[in-house]
4 protein chains.
Amino acid sequence: MNVKNIEESPLKQRLRTIIFGTDTPEGKAFDIALLVSIVASIILICLDTIDSLHHAYGELFLIGEWMFTVIFTLEYVLRLYCSQNRFHYARSFFGIVDLLSILPSYLALIFPAANFALAIRVLRLFRVFRVLKLLRFLADGNLLLKAMLQSSRKVFMFFFSVSLIILVLSVVMYVIEGPNNGFSSIPKSMYWTIVTITTVGYGDITPQTPLGQAIAALTMLIGYSIIAIPTGILTAEISHEMVKVRDLRKCSNCGKKGHDNDAQFCNHCGSELETLDSLTRP
Amino acid sequence: MNVKNIEESPLKQRLRTIIFGTDTPEGKAFDIALLVSIVASIILICLDTIDSLHHAYGELFLIGEWMFTVIFTLEYVLRLYCSQNRFHYARSFFGIVDLLSILPSYLALIFPAANFALAIRVLRLFRVFRVLKLLRFLADGNLLLKAMLQSSRKVFMFFFSVSLIILVLSVVMYVIEGPNNGFSSIPKSMYWTIVTITTVGYGDITPQTPLGQAIAALTMLIGYSIIAIPTGILTAEISHEMVKVRDLRKCSNCGKKGHDNDAQFCNHCGSELETLDSLTRP
Amino acid sequence: MNVKNIEESPLKQRLRTIIFGTDTPEGKAFDIALLVSIVASIILICLDTIDSLHHAYGELFLIGEWMFTVIFTLEYVLRLYCSQNRFHYARSFFGIVDLLSILPSYLALIFPAANFALAIRVLRLFRVFRVLKLLRFLADGNLLLKAMLQSSRKVFMFFFSVSLIILVLSVVMYVIEGPNNGFSSIPKSMYWTIVTITTVGYGDITPQTPLGQAIAALTMLIGYSIIAIPTGILTAEISHEMVKVRDLRKCSNCGKKGHDNDAQFCNHCGSELETLDSLTRP
Amino acid sequence: MNVKNIEESPLKQRLRTIIFGTDTPEGKAFDIALLVSIVASIILICLDTIDSLHHAYGELFLIGEWMFTVIFTLEYVLRLYCSQNRFHYARSFFGIVDLLSILPSYLALIFPAANFALAIRVLRLFRVFRVLKLLRFLADGNLLLKAMLQSSRKVFMFFFSVSLIILVLSVVMYVIEGPNNGFSSIPKSMYWTIVTITTVGYGDITPQTPLGQAIAALTMLIGYSIIAIPTGILTAEISHEMVKVRDLRKCSNCGKKGHDNDAQFCNHCGSELETLDSLTRP
């Protein structure tokens with residue numbers, strides 16, 4: 001089937017502009033309506049898990065749930081219908097997410113097993129992936145992302161070293177404290193080490209022996225210290241990226257660089273500057 | 001009523017200088033006396049909530065409370081009386097705060113219901129908003145504020161991403177751990193996720209299953225890592241603002257820029273510099 | 001008494017060189033011996049508070065304690081004897097600390113009350129102030145101190161804002177949760193707020209109501225976010241101070257600035273550089 | 001024995017290239033196979049400490065354990081055999097680690113005491129040191145390491161000050177709270193202070209008296225504030241190192257410096273740049 005050359009119906013073209021486009025007023029309105037629906041359906045699922053609310057308004061929640069499922073199914077079908085290359089959309093990240101966010105509700109109808117109530121709840125929860133659609137509205141974080149990618153090798157090395165420290169400390173604590181004090185296995189000891197080194201400190205497992213408490217204190221001080229390292233790496237990268245973005249804004253009249261992000265006029269000769277968005281947009 | 005043109009009494013003008021002004025010795029003395037009264041009344045309310053002190057000195061606290069209420073009422077009336085535009089003051093942020101800080105004490109007299117004691121306490125607590133008046137003395141933090149506003153778009157994106165991560169982790173933990181281990185609903189699971197990702201770690205709800213503990217460890221490592229991002233953003237902005245403030249101080253003799261905040265003389269030609277305050281004050 | 005002009009005994013001069021001086025080998029040896037004694041006496045006091053060790057070696061600890069008391073008394077008397085201006089030393093910070101670190105042991109002899117054992121222990125604990133003498137060996141942190149002083153106004157404003165946030169959140173949590181859930185008074189509620197906002201999170205007091213848990217989650221996110229602010233302020237100041245220190249090192253041959261702290265030769269013309277210490281030492 | 005001059009067998013030379021070399025395909029394949037074996041043996045040891053898995057698959061784990069011991073023994077013998085200077089390897093850091101990672105399994109055979117099962121487990125755990133071999137693959141973190149070494153004096157001073165603060169706070173809390181509230185000795189009180197100042201906050205020991213809670217709140221605020229200091233130091237150093245690394249990359253055509261780490265061409269004249277690796281590799 002030759003997709004490109006056949007004459008498309010004007011309705012299909014218009015639908016595509018509304019659903020996939022973001023520049024026209026209709027496209028924007030559709031996106032915002034979709035956004036509100038997604039947030040509403042997530043709030044509904046969350047509220048339904050509260051026991052008292054489930055008993056009082058369970059039926060209402062079920063109706064709302066099916067209403068949203070129908071809306072999102074319709075949206076998925078329309079997206080499939082009006083996309084220029086259907087396979088491309090269906091296999092794209094958001095195509096799969098869109099499908100996953102409506103599937104669980106239908107699957108719960110097909111498999112009405114004994115533990116129906118629990119199963120349907122668990123399956124429905126995957127509809128939270130619908131929220132990932134929200135990412136579509138976030139094409140703006142490239143400075144932040146670039147800083148993180150630039151420093152990814154340093155950050156990887158940092159996490160590798162931290163993993164080694166966690167492993168060694170876990171084994172040492174397992175040997176010192178042992179199963180009687182809650183360190184029942186090395187994986188559990190690793191859980192404790194991570195709880196401690198990240199300074200979370202639940203207190204569900206705590207060292208009881210003096211030596212164990214000394215090692216625990218050391219673990220905390222290590223965690224407290226190394227928190228500085230990724231911050232340092234990222235800050236240095238962000239600083240560098242910010243200077244680069246500022247240097248992009250060169251006054252076309254006098255050539256001065258380094259203007260503030262919100263500057264509209266050159267602070268040297270007074271002529272108007274290009275907006276930052278026109279420079280950083282890909 | 002033509003407010004601007006009618007002849008004002010000298011008393012009213014003098015009162016306005018004392019109450020609203022901050023430049024004359026009387027104005028300063030009034031502000032400091034007011035500040036001390038606000039802090040004293042807050043300490044009094046706080047101490048009154050301690051049971052043992054309430055039993056021993058309850059009467060004294062009540063007298064003190066009414067003394068401060070009378071003082072602040074008088075202050076509010078005087079402010080209303082001597083302001084050039086009364087509606088403008090009454091509807092301003094501090095006008096409303098001033099009113100809210102005295103209202104509860106009077107309301108407690110009008111509604112002496114059965115649970116009088118508790119009601120009056122709760123109502124009186126809103127007098128803490130009086131503390132917000134203190135903000136009036138804080139017109140100095142513009143560098144810090146500007147750095148935060150400059151980075152607000154990046155910080156918003158950061159919090160949006162964190163919210164998505166919290167939501168997904170909450171649902172996953174609710175499915176894995178379930179109501180039996182304290183994750184009784186998705187909102188409660190979100191409470192746990194926030195407690196964990198911010199590295200607070202109360203330990204009132206902790207994962208019990210091995211898989212739940214693994215996801216919890218992941219949550220902690222995420223929280224530990226992303227704490228670096230807002231720090232990096234803000235540091236880069238503050239650095240940039242500081243450099244800009246330093247560049248504002250240009251020696252009027254030789255033109256050298258970039259002097260320290262506390263420098264009084266140009267370190268190049270020795271001539272006296274303008275003070276920083278005269279440059280950054282709006 | 002004319003201190004400056006009378007002839008001093010050579011012994012006194014020599015003693016002064018050893019005790020107060022740090023440049024001669026004897027002065028250094030004395031300082032290190034003193035340092036070791038201080039650390040040893042502190043370890044001894046700490047170990048004595050462990051019950052099992054106190055029962056086993058209590059007598060030994062008492063002997064050691066008195067040995068150190070005699071040593072430090074001798075040191076204090078010698079310092080008094082050989083200082084050029086005795087009143088100046090006795091009233092200086094370290095003069096008072098030196099006296100406070102030996103006084104408790106003697107006081108315990110004079111007041112042998114019924115609760116002698118506890119009293120002597122508590123009094124002896126103040127000997128930990130002896131450790132402050134160690135600060136004498138720390139005349140090196142001026143860059144760090146300068147960065148902190150430079151940013152002290154910003155840091156003060158930060159702590160003032162945080163205090164207001166803590167106060168408002170404490171009152172709100174006290175009203176919402178109330179005495180039944182552990183928030184028995186506003187000061188206790190402030191303790192909880194500080195435990196939460198600093199991400200310590202003991203879990204001895206935790207919110208029980210859904211609304212309280214929501215406010216708690218907000219408190220945590222506030223604490224998690226504002227941790228970035230002092231870091232940002234301090235980092236920017238330290239960066240600036242480091243650049244300034246580097247700029248201090250100017251090659252005397254070609255005039256190039258900005259050499260590394262550990263650089264020994266100019267990386268532009270190869271001539272030897274002055275050491276950093278000779279530049280930053282006051 | 002004259003090691004250098006005797007004719008080496010070609011097999012020995014080839015083995016050395018494979019085992020110690022990392023440039024040839026065989027050398028790389030050997031390193032990766034070794035890496036996988038190390039990780040697999042560590043996972044095996046960790047899983048064996050989980051009770052349910054030990055009961056079900058204990059025999060299997062024992063077989064796997066001995067398989068890995070034989071493999072690593074073989075590797076150790078081969079390394080000894082083909083190294084040019086055997087004593088040098090055997091006494092090197094990795095030579096000792098290699099030996100320590102296989103010894104415990106054999107020692108458990110020689111000393112089959114009564115508590116055989118526990119002893120062998122504890123001894124085997126030291127095989128985790130095998131993981132340190134992984135460090136061999138990490139010759140890349142020199143920028144990070146250099147930043148840390150540059151700031152080591154400042155960081156040492158920071159940790160020294162923190163230690164003094166911890167010691168003073170521990171003594172004060174021990175005096176205020178006393179053994180009845182869990183602060184049973186000064187070392188235990190120090191454990192509590194470190195748990196609090198690092199914002200871990202287990203909650204196994206918490207202050208009960210109002211004064212103790214006030215000091216605890218102060219401790220938390222101190223910990224919350226000083227976390228900014230090492231971050232600031234390290235960030236400033238990393239920033240400086242990054243600028244230096246960028247300045248290393250000078251275009252050989254037009255002389256422009258300060259290119260990005262991932263830049264391949266000069267952004268001024270377009271000629272190709274040397275790679276960063278060729279500049280920073282020692």
# chains A, B, ... in the order shown; residues from 1 in each chain; ligands from 1

$ interface_residues --of "chain D" --to "chain C" --cutoff "9 Å" --atoms "only C-alpha atoms" --output "JSON, numbers by chain"
{"D": [150, 154, 157, 158, 161, 164, 167, 168, 171, 172, 175, 184, 185, 186, 187, 188, 195, 196, 197, 198, 199, 200, 201, 202, 203, 204, 205, 206, 210, 213, 214, 216, 217, 218, 220, 221, 223, 224, 225, 226, 227, 228, 229, 231, 232, 233, 234, 235, 236, 237, 239, 240]}

$ atom_distance --atom1 "CA of Met67 in chain B" --atom2 "CA of His54 in chain B"
17.4 Å

$ decode --residues "range 90-114 of chain D" --atoms "C-alpha atoms" --output "CSV table (one decimal), in the first residue's frame"
chain,number,residue,atom,x,y,z
D,90,ALA,CA,52.9,-11.5,44.8
D,91,ARG,CA,53.5,-8.5,47.0
D,92,SER,CA,51.5,-6.0,44.8
D,93,PHE,CA,48.1,-4.9,46.0
D,94,PHE,CA,46.2,-7.1,43.5
D,95,GLY,CA,48.6,-10.0,44.1
D,96,ILE,CA,47.5,-10.1,47.8
D,97,VAL,CA,43.9,-9.5,47.0
D,98,ASP,CA,44.0,-12.4,44.5
D,99,LEU,CA,45.4,-14.7,47.2
D,100,LEU,CA,43.0,-13.5,49.9
D,101,SER,CA,40.0,-14.2,47.6
D,102,ILE,CA,40.9,-17.9,47.3
D,103,LEU,CA,42.5,-18.7,50.6
D,104,PRO,CA,39.3,-18.8,52.8
D,105,SER,CA,37.8,-21.7,50.9
D,106,TYR,CA,40.9,-23.9,51.4
D,107,LEU,CA,41.3,-22.8,55.1
D,108,ALA,CA,37.8,-24.1,55.8
D,109,LEU,CA,38.9,-27.5,54.7
D,110,ILE,CA,42.0,-27.5,57.0
D,111,PHE,CA,40.2,-26.4,60.2
D,112,PRO,CA,36.9,-28.4,60.3
D,113,ALA,CA,36.1,-27.4,63.9
D,114,ALA,CA,32.8,-27.9,65.7
